[in-house]
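Dropping model_23.txt in here (compact mmCIF, C-alpha atoms):
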```txt
# COMPACT_ATOMS: atom_id res chain seq x y z
CA MET A 12 39.91 68.86 117.57
CA PRO A 13 36.65 67.78 119.21
CA GLU A 14 34.08 65.90 117.20
CA GLY A 15 31.71 68.04 115.21
CA GLU A 16 31.48 69.75 111.88
CA THR A 17 34.75 71.30 110.77
CA LEU A 18 34.83 74.30 108.47
CA SER A 19 38.07 74.91 106.68
CA PHE A 20 39.77 76.58 103.77
CA GLY A 21 43.25 76.90 102.32
CA LEU A 22 44.78 79.72 100.35
CA GLN A 23 48.01 80.12 98.47
CA ILE A 24 48.68 83.85 98.32
CA GLN A 25 51.35 86.38 97.60
CA PRO A 26 52.72 87.69 100.92
CA HIS A 27 51.90 91.33 100.25
CA SER A 28 50.76 93.85 102.88
CA ARG A 29 47.73 94.84 100.78
CA MET A 30 46.45 91.26 100.87
CA VAL A 31 46.39 90.99 104.64
CA SER A 32 43.24 92.93 105.52
CA ILE A 33 41.45 91.47 102.50
CA VAL A 34 42.03 87.94 103.79
CA ARG A 35 41.15 88.90 107.38
CA ARG A 36 37.83 90.33 106.18
CA PHE A 37 37.17 87.16 104.21
CA VAL A 38 37.74 85.11 107.37
CA GLU A 39 35.50 87.39 109.43
CA GLU A 40 32.70 87.47 106.90
CA SER A 41 32.72 83.81 105.92
CA PHE A 42 33.14 82.30 109.38
CA GLY A 43 30.95 85.02 110.85
CA LYS A 44 28.07 83.58 108.87
CA LEU A 45 28.91 79.98 109.73
CA VAL A 46 30.05 80.13 113.35
CA GLY A 47 27.75 81.42 116.05
CA ASP A 48 30.41 82.98 118.23
CA PRO A 49 31.67 86.39 117.03
CA GLN A 50 34.36 86.55 119.72
CA ALA A 51 35.80 83.24 118.52
CA VAL A 52 35.70 84.45 114.92
CA PHE A 53 37.49 87.65 115.93
CA ARG A 54 40.25 85.71 117.70
CA VAL A 55 40.85 83.57 114.61
CA SER A 56 40.79 86.56 112.26
CA LEU A 57 43.24 88.40 114.55
CA ALA A 58 45.64 85.46 114.28
CA VAL A 59 45.21 85.31 110.50
CA HIS A 60 45.97 89.03 110.22
CA GLU A 61 49.07 89.01 112.42
CA LEU A 62 50.50 85.84 110.84
CA LEU A 63 49.94 87.15 107.31
CA GLU A 64 51.59 90.46 108.20
CA ASN A 65 54.53 88.53 109.52
CA ALA A 66 54.76 86.81 106.15
CA ALA A 67 54.32 90.11 104.27
CA LYS A 68 57.28 91.53 106.16
CA TYR A 69 59.64 88.58 106.30
CA ALA A 70 58.73 85.96 103.69
CA VAL A 71 61.15 85.19 100.89
CA GLY A 72 59.53 84.32 97.56
CA ASP A 73 56.02 84.96 96.38
CA LYS A 74 54.07 82.12 97.96
CA THR A 75 52.51 81.85 101.38
CA GLY A 76 50.18 79.03 102.33
CA LEU A 77 47.37 79.68 104.79
CA THR A 78 44.96 77.08 106.14
CA VAL A 79 42.20 77.69 108.66
CA HIS A 80 40.19 74.95 110.37
CA PHE A 81 37.28 75.93 112.56
CA GLU A 82 34.79 73.88 114.52
CA SER A 83 31.36 75.08 113.48
CA ASN A 84 30.33 75.69 117.09
CA GLY A 85 33.38 77.93 117.60
CA SER A 86 34.89 75.52 120.08
CA ALA A 87 38.26 74.91 118.42
CA ALA A 88 40.41 76.33 115.67
CA LYS A 89 43.74 75.89 113.97
CA ILE A 90 45.47 78.43 111.73
CA LYS A 91 48.63 77.43 109.85
CA LEU A 92 50.84 79.73 107.84
CA THR A 93 53.74 78.41 105.76
CA ASN A 94 56.35 80.44 103.91
CA GLN A 95 60.01 80.59 103.12
CA THR A 96 62.14 83.08 105.03
CA THR A 97 65.70 83.99 105.95
CA PRO A 98 67.88 82.20 108.54
CA GLU A 99 67.96 85.45 110.53
CA HIS A 100 64.18 85.60 110.72
CA ILE A 101 63.96 81.90 111.58
CA ALA A 102 66.25 82.55 114.55
CA ARG A 103 64.04 85.48 115.65
CA LEU A 104 60.90 83.37 115.27
CA GLN A 105 62.38 80.53 117.32
CA ALA A 106 63.37 82.88 120.12
CA SER A 107 60.03 84.66 120.07
CA ILE A 108 57.89 81.52 120.09
CA GLU A 109 60.04 79.87 122.75
CA GLU A 110 59.60 82.93 124.96
CA ILE A 111 55.83 82.89 124.40
CA GLN A 112 55.53 79.14 124.95
CA SER A 113 57.50 79.29 128.18
CA SER A 114 55.49 82.16 129.64
CA LYS A 115 52.82 81.22 132.15
CA GLU A 116 51.40 84.76 131.98
CA PRO A 117 50.80 85.60 128.30
CA PHE A 118 49.22 88.97 129.06
CA ALA A 119 52.11 90.00 131.30
CA LEU A 120 54.57 88.98 128.60
CA TYR A 121 52.57 90.99 126.04
CA GLN A 122 52.86 94.05 128.27
CA THR A 123 56.57 93.46 128.76
CA LEU A 124 57.09 93.23 125.00
CA MET A 125 55.10 96.41 124.45
CA ARG A 126 57.51 98.26 126.73
CA ARG A 127 60.56 96.46 125.34
CA THR A 128 59.84 97.01 121.65
CA PHE A 129 58.23 100.45 121.38
CA GLY A 130 61.58 102.12 120.69
CA VAL A 131 62.60 99.52 118.10
CA PRO A 132 61.73 100.80 114.62
CA ASP A 133 60.71 98.60 111.67
CA GLU A 134 59.72 95.62 113.76
CA SER A 135 56.55 95.24 115.76
CA GLY A 136 57.70 92.31 117.86
CA LEU A 137 54.17 92.16 119.21
CA GLY A 138 52.18 90.18 116.67
CA LEU A 139 52.83 86.68 117.98
CA ALA A 140 52.48 87.75 121.61
CA ARG A 141 49.20 89.41 120.68
CA ILE A 142 47.89 86.18 119.16
CA ARG A 143 48.73 84.40 122.43
CA ALA A 144 47.47 87.12 124.81
CA GLU A 145 44.48 88.63 123.00
CA GLY A 146 43.62 85.67 120.81
CA GLU A 147 44.32 83.13 123.58
CA LEU A 148 45.74 80.75 121.01
CA ASP A 149 48.72 78.43 121.49
CA LEU A 150 51.63 78.91 119.11
CA SER A 151 54.06 76.42 117.64
CA LEU A 152 56.76 76.53 114.98
CA GLU A 153 57.97 73.91 112.49
CA ILE A 154 61.14 74.48 110.50
CA ASP A 155 62.18 72.62 107.36
CA GLY A 156 65.28 74.24 105.90
CA THR A 157 64.22 77.79 105.07
CA MET A 158 60.52 76.86 105.16
CA VAL A 159 58.64 77.77 108.35
CA THR A 160 55.14 76.89 109.49
CA ILE A 161 53.60 78.80 112.37
CA THR A 162 50.51 77.21 113.91
CA ALA A 163 48.08 79.07 116.16
CA SER A 164 45.54 76.77 117.70
CA CYS A 165 43.06 76.18 120.41
CA MET A 166 42.07 72.58 120.97
CA ARG A 167 40.18 72.87 124.23
CA SER A 168 36.50 73.23 123.64
CA LYS A 169 35.90 75.77 126.42
CA GLU A 170 38.83 78.04 125.72
CA LEU A 171 38.07 79.51 122.30
CA SER A 172 34.56 80.57 123.09
CA HIS A 173 35.48 81.76 126.57
CA GLU A 174 35.00 85.50 127.04
CA MET B 13 44.10 130.08 121.83
CA ASN B 14 44.23 129.32 118.08
CA SER B 15 42.32 126.35 116.77
CA TRP B 16 44.26 123.58 115.05
CA ALA B 17 43.27 120.73 112.77
CA GLN B 18 45.03 117.85 111.10
CA ALA B 19 43.76 115.15 108.76
CA MET B 20 45.05 112.29 106.66
CA THR B 21 43.23 109.92 104.34
CA GLU B 22 44.50 106.70 102.84
CA THR B 23 42.64 104.10 100.77
CA ASP B 24 41.23 102.27 103.76
CA PHE B 25 42.09 104.49 106.69
CA ALA B 26 41.44 108.05 107.78
CA ALA B 27 42.53 110.09 110.76
CA SER B 28 41.57 113.57 111.80
CA ALA B 29 42.29 115.75 114.78
CA SER B 30 41.26 119.16 115.95
CA SER B 31 41.93 121.16 119.05
CA SER B 32 40.11 123.85 120.86
CA GLU B 33 41.45 125.44 124.01
CA ARG B 34 43.04 122.61 125.97
CA ARG B 35 41.15 119.73 124.42
CA ILE B 36 42.00 117.67 121.34
CA LEU B 37 39.58 115.39 119.54
CA VAL B 38 41.01 112.62 117.37
CA SER B 39 38.94 110.38 115.11
CA LEU B 40 40.23 107.21 113.46
CA THR B 41 38.23 105.21 110.91
CA GLY B 42 38.80 102.21 108.67
CA THR B 43 41.64 99.75 109.09
CA ALA B 44 44.98 100.58 110.71
CA ASP B 45 47.35 97.99 109.29
CA LEU B 46 50.85 97.69 107.93
CA THR B 47 50.03 99.88 104.93
CA VAL B 48 49.39 102.96 107.11
CA LYS B 49 51.77 102.38 110.03
CA SER B 50 54.24 105.15 109.14
CA GLN B 51 51.40 107.61 108.41
CA LEU B 52 49.75 106.84 111.77
CA ASP B 53 53.08 107.23 113.50
CA ARG B 54 53.58 110.70 112.02
CA PHE B 55 49.97 111.64 112.77
CA LEU B 56 50.25 110.71 116.46
CA ARG B 57 53.52 112.61 116.76
CA GLU B 58 51.74 115.69 115.37
CA VAL B 59 48.88 115.22 117.83
CA HIS B 60 51.35 114.95 120.70
CA ALA B 61 53.21 118.04 119.52
CA GLN B 62 49.96 120.01 119.41
CA ALA B 63 49.01 118.68 122.85
CA GLN B 64 52.30 120.04 124.16
CA ARG B 65 51.79 123.40 122.44
CA CYS B 66 48.28 123.94 123.77
CA LEU B 67 49.00 122.29 127.15
CA ALA B 68 46.15 119.88 126.51
CA GLU B 69 44.32 118.47 129.49
CA VAL B 70 42.74 115.65 127.54
CA VAL B 71 42.97 114.05 124.10
CA THR B 72 39.85 112.11 123.15
CA VAL B 73 40.38 109.37 120.57
CA ASP B 74 37.22 108.14 118.89
CA VAL B 75 37.86 104.64 117.51
CA ARG B 76 34.24 103.53 117.13
CA GLN B 77 34.59 103.37 113.35
CA LEU B 78 38.05 101.80 113.44
CA GLU B 79 37.42 98.29 112.15
CA PHE B 80 40.83 96.84 113.06
CA MET B 81 44.26 97.83 114.32
CA ASN B 82 47.30 95.64 113.81
CA SER B 83 50.15 95.16 116.26
CA SER B 84 52.48 97.56 114.40
CA CYS B 85 49.93 100.35 114.73
CA LEU B 86 49.29 99.42 118.37
CA LYS B 87 53.00 100.02 118.85
CA CYS B 88 52.51 103.60 117.62
CA PHE B 89 50.07 104.03 120.50
CA VAL B 90 52.54 102.42 122.91
CA TRP B 91 55.07 105.07 121.87
CA TRP B 92 52.51 107.85 122.36
CA ILE B 93 51.29 106.62 125.73
CA SER B 94 54.83 106.04 127.00
CA THR B 95 55.82 109.52 125.85
CA VAL B 96 52.86 111.15 127.61
CA GLN B 97 53.58 109.16 130.74
CA GLU B 98 57.12 110.54 130.85
CA GLN B 99 55.85 114.13 130.84
CA ALA B 100 55.62 116.12 134.04
CA GLY B 101 53.24 118.78 135.29
CA GLU B 102 51.04 120.50 132.71
CA ALA B 103 52.77 118.70 129.85
CA LYS B 104 51.10 115.47 130.93
CA TYR B 105 47.57 114.90 129.68
CA ARG B 106 44.88 112.26 129.75
CA ILE B 107 43.92 110.08 126.78
CA VAL B 108 40.31 108.96 126.53
CA PHE B 109 39.34 106.24 124.03
CA ILE B 110 35.73 106.21 122.83
CA THR B 111 35.01 102.63 121.79
CA SER B 112 32.31 100.47 120.28
CA PRO B 113 31.37 97.24 122.08
CA SER B 114 30.53 95.63 118.74
CA VAL B 115 34.09 95.99 117.41
CA TYR B 116 35.83 93.12 119.12
CA TRP B 117 39.48 94.11 118.84
CA GLN B 118 38.89 97.29 120.81
CA ARG B 119 38.20 95.89 124.25
CA ARG B 120 41.10 93.47 124.32
CA SER B 121 43.69 95.68 122.62
CA LEU B 122 42.80 98.92 124.36
CA ASN B 123 42.70 97.21 127.74
CA ALA B 124 46.23 96.05 127.05
CA LEU B 125 47.23 99.65 126.28
CA ALA B 126 45.42 100.96 129.34
CA CYS B 127 47.37 98.59 131.57
CA LEU B 128 50.54 100.36 130.46
CA ALA B 129 49.37 103.62 131.99
CA ASP B 130 46.09 103.42 133.83
CA ASP B 131 46.73 106.83 135.40
CA ILE B 132 46.36 108.60 132.06
CA ILE B 133 44.11 106.32 129.99
CA THR B 134 40.35 106.00 130.19
CA ILE B 135 38.25 103.73 128.00
CA GLN B 136 34.65 104.68 127.39
CA ALA B 137 32.19 102.37 125.65
```
Show the structure stored in the file as structure tokens.
Amino acid sequence: MPEGETLSFGLQIQPHSRMVSIVRRFVEESFGKLVGDPQAVFRVSLAVHELLENAAKYAVGDKTGLTVHFESNGSAAKIKLTNQTTPEHIARLQASIEEIQSSKEPFALYQTLMRRTFGVPDESGLGLARIRAEGELDLSLEIDGTMVTITASCMRSKELSHE
Amino acid sequence: MNSWAQAMTETDFAASASSSERRILVSLTGTADLTVKSQLDRFLREVHAQAQRCLAEVVTVDVRQLEFMNSSCLKCFVWWISTVQEQAGEAKYRIVFITSPSVYWQRRSLNALACLADDIITIQA
């Protein structure tokens, strides 16, 4: 992350669908007052929302860890979400993030996934691709047994605040 | 032609629709997230069914007061748009989104939807 003041917080929360919008609003309102770039704040809050919903749907256990780091000028951000999940969901996550990481056209992939998944009930399949395409954040995945950490980040100073 | 109206209200989300002649007006407010996905899905299916019954020319969707929409709810719109796109002749109608430039998710997400079917979707700020 570039030099400059870093704003951050960490939360340990229950992965419940009713918590998701509450946390997103907290991110929007708190960083909205501290960071002078509303577009950058939106992109981070979008990632927080989609990652938390992923946890609400697929986490095992009652603990999900969320950390958000934000450069105060809106130039860089990192969102990390850690939770336990099933081997089946880990396999889906790996495949999904590999597909996103290997795509040179995130928006085109997002469109492809919209067409591919709209007939598939009970699974959006779009959240991570949306973070990459609409949020313009890079995604990575760490796996430790049944514990997974998804990181959405933007390290390049121009990218996050770019319209 | 008979008028028609539909409405649903959840804790943090509300949707309403009404039709007159061959036009339908839909209004969505609040937050469309995982907690209302199935309700939104049913609501859009009812809107589409009414559009087919009244041979709608246009369905206007006012999202100016819609604070956020998650990817699961976006997928409900993907279903709707794809279904309209498959229609032929008078069964096919246009969808116009009325948006607010100050609600940041709208431009990016609705542009993504519009790219699926730019022949039937219009976005108005």
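You will find CA of Val131 in chain A at 13.1 Å from CA of Asp53 in chain B.
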Report as a PyMOL selection string the set of chain B residues whose atoms approach chain A to within 12 Å, with distances computed over only C-alpha atoms.
-> chain B and resi 23-25+42-50+53+79-95+113-129
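For the pair CA of Ile108 in chain A and CA of Leu152 in chain A, the interatomic distance is 7.2 Å.
With CA of Arg143 in chain A on one side and CA of Ser113 in chain A on the other, the separation reads 11.7 Å.
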Can you write out as CSV which residues of range 53-162 of chain A fall within 10 Å of range 17-26 of chain A, alongside each residue's closest atom pair and its distance in Å to one decimal, counting only C-alpha atoms and ordering rows by chain and ascending residue number?
```
residue,atom,partner,partner_atom,distance
A:Leu63,CA,A:Pro26,CA,7.0
A:Glu64,CA,A:Pro26,CA,7.9
A:Asn65,CA,A:Pro26,CA,8.8
A:Ala66,CA,A:Pro26,CA,5.7
A:Ala67,CA,A:Pro26,CA,4.4
A:Lys68,CA,A:Pro26,CA,7.9
A:Tyr69,CA,A:Pro26,CA,8.8
A:Ala70,CA,A:Pro26,CA,6.8
A:Val71,CA,A:Pro26,CA,8.8
A:Gly72,CA,A:Pro26,CA,8.3
A:Asp73,CA,A:Gln25,CA,5.0
A:Lys74,CA,A:Gln25,CA,5.1
A:Thr75,CA,A:Ile24,CA,5.3
A:Gly76,CA,A:Gln23,CA,4.6
A:Leu77,CA,A:Leu22,CA,5.1
A:Thr78,CA,A:Gly21,CA,4.2
A:Val79,CA,A:Ser19,CA,5.4
A:His80,CA,A:Ser19,CA,4.3
A:Phe81,CA,A:Leu18,CA,5.0
A:Glu82,CA,A:Thr17,CA,4.6
A:Ser83,CA,A:Thr17,CA,5.8
A:Asn84,CA,A:Thr17,CA,8.9
A:Gly85,CA,A:Thr17,CA,9.6
A:Ala87,CA,A:Thr17,CA,9.2
A:Ala88,CA,A:Thr17,CA,9.0
A:Lys89,CA,A:Ser19,CA,9.3
A:Ile90,CA,A:Ser19,CA,9.6
A:Lys91,CA,A:Gly21,CA,9.3
A:Leu92,CA,A:Leu22,CA,9.6
A:Thr93,CA,A:Gln23,CA,9.4
A:Asn94,CA,A:Pro26,CA,8.6
```
Contacts of Leu40 in chain B at 10 Å (only C-alpha atoms; same-chain gap of 2+ positions) as a list in words | Ala19, Met20, Thr21, Phe25, Ala26, Ala27, Ser28, Ala29, Val38, Gly42, Thr43, Ala44, Leu52, Val73, Asp74, Val75, Arg76, Gln77, Leu78 and Glu79 of chain B
Residues from the last selection, C-alpha atoms, saved as a JSON list (two decimals), keeping the file's coordinate frame:
```
[["chain", "number", "residue", "atom", "x", "y", "z"],
["B", 19, "ALA", "CA", 43.76, 115.15, 108.76],
["B", 20, "MET", "CA", 45.05, 112.29, 106.66],
["B", 21, "THR", "CA", 43.23, 109.92, 104.34],
["B", 25, "PHE", "CA", 42.09, 104.49, 106.69],
["B", 26, "ALA", "CA", 41.44, 108.05, 107.78],
["B", 27, "ALA", "CA", 42.53, 110.09, 110.76],
["B", 28, "SER", "CA", 41.57, 113.57, 111.80],
["B", 29, "ALA", "CA", 42.29, 115.75, 114.78],
["B", 38, "VAL", "CA", 41.01, 112.62, 117.37],
["B", 42, "GLY", "CA", 38.80, 102.21, 108.67],
["B", 43, "THR", "CA", 41.64, 99.75, 109.09],
["B", 44, "ALA", "CA", 44.98, 100.58, 110.71],
["B", 52, "LEU", "CA", 49.75, 106.84, 111.77],
["B", 73, "VAL", "CA", 40.38, 109.37, 120.57],
["B", 74, "ASP", "CA", 37.22, 108.14, 118.89],
["B", 75, "VAL", "CA", 37.86, 104.64, 117.51],
["B", 76, "ARG", "CA", 34.24, 103.53, 117.13],
["B", 77, "GLN", "CA", 34.59, 103.37, 113.35],
["B", 78, "LEU", "CA", 38.05, 101.80, 113.44],
["B", 79, "GLU", "CA", 37.42, 98.29, 112.15]]
```
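Remark: residues at most 7 Å from position (39.1, 116.5, 122.2) in file coordinates are Ser31, Arg35, Ile36, Leu37, Val38, Val70, Val71 and Thr72 of chain B, using all atoms listed in the file.
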Okay, now the selection with C-alpha atoms, as a PDB file, in the frame of the given file?
```pdb
ATOM      1  CA  SER B  31      41.930 121.160 119.050  1.00  0.00           C
ATOM      2  CA  ARG B  35      41.150 119.730 124.420  1.00  0.00           C
ATOM      3  CA  ILE B  36      42.000 117.670 121.340  1.00  0.00           C
ATOM      4  CA  LEU B  37      39.580 115.390 119.540  1.00  0.00           C
ATOM      5  CA  VAL B  38      41.010 112.620 117.370  1.00  0.00           C
ATOM      6  CA  VAL B  70      42.740 115.650 127.540  1.00  0.00           C
ATOM      7  CA  VAL B  71      42.970 114.050 124.100  1.00  0.00           C
ATOM      8  CA  THR B  72      39.850 112.110 123.150  1.00  0.00           C
TER       9      THR B  72
END
```
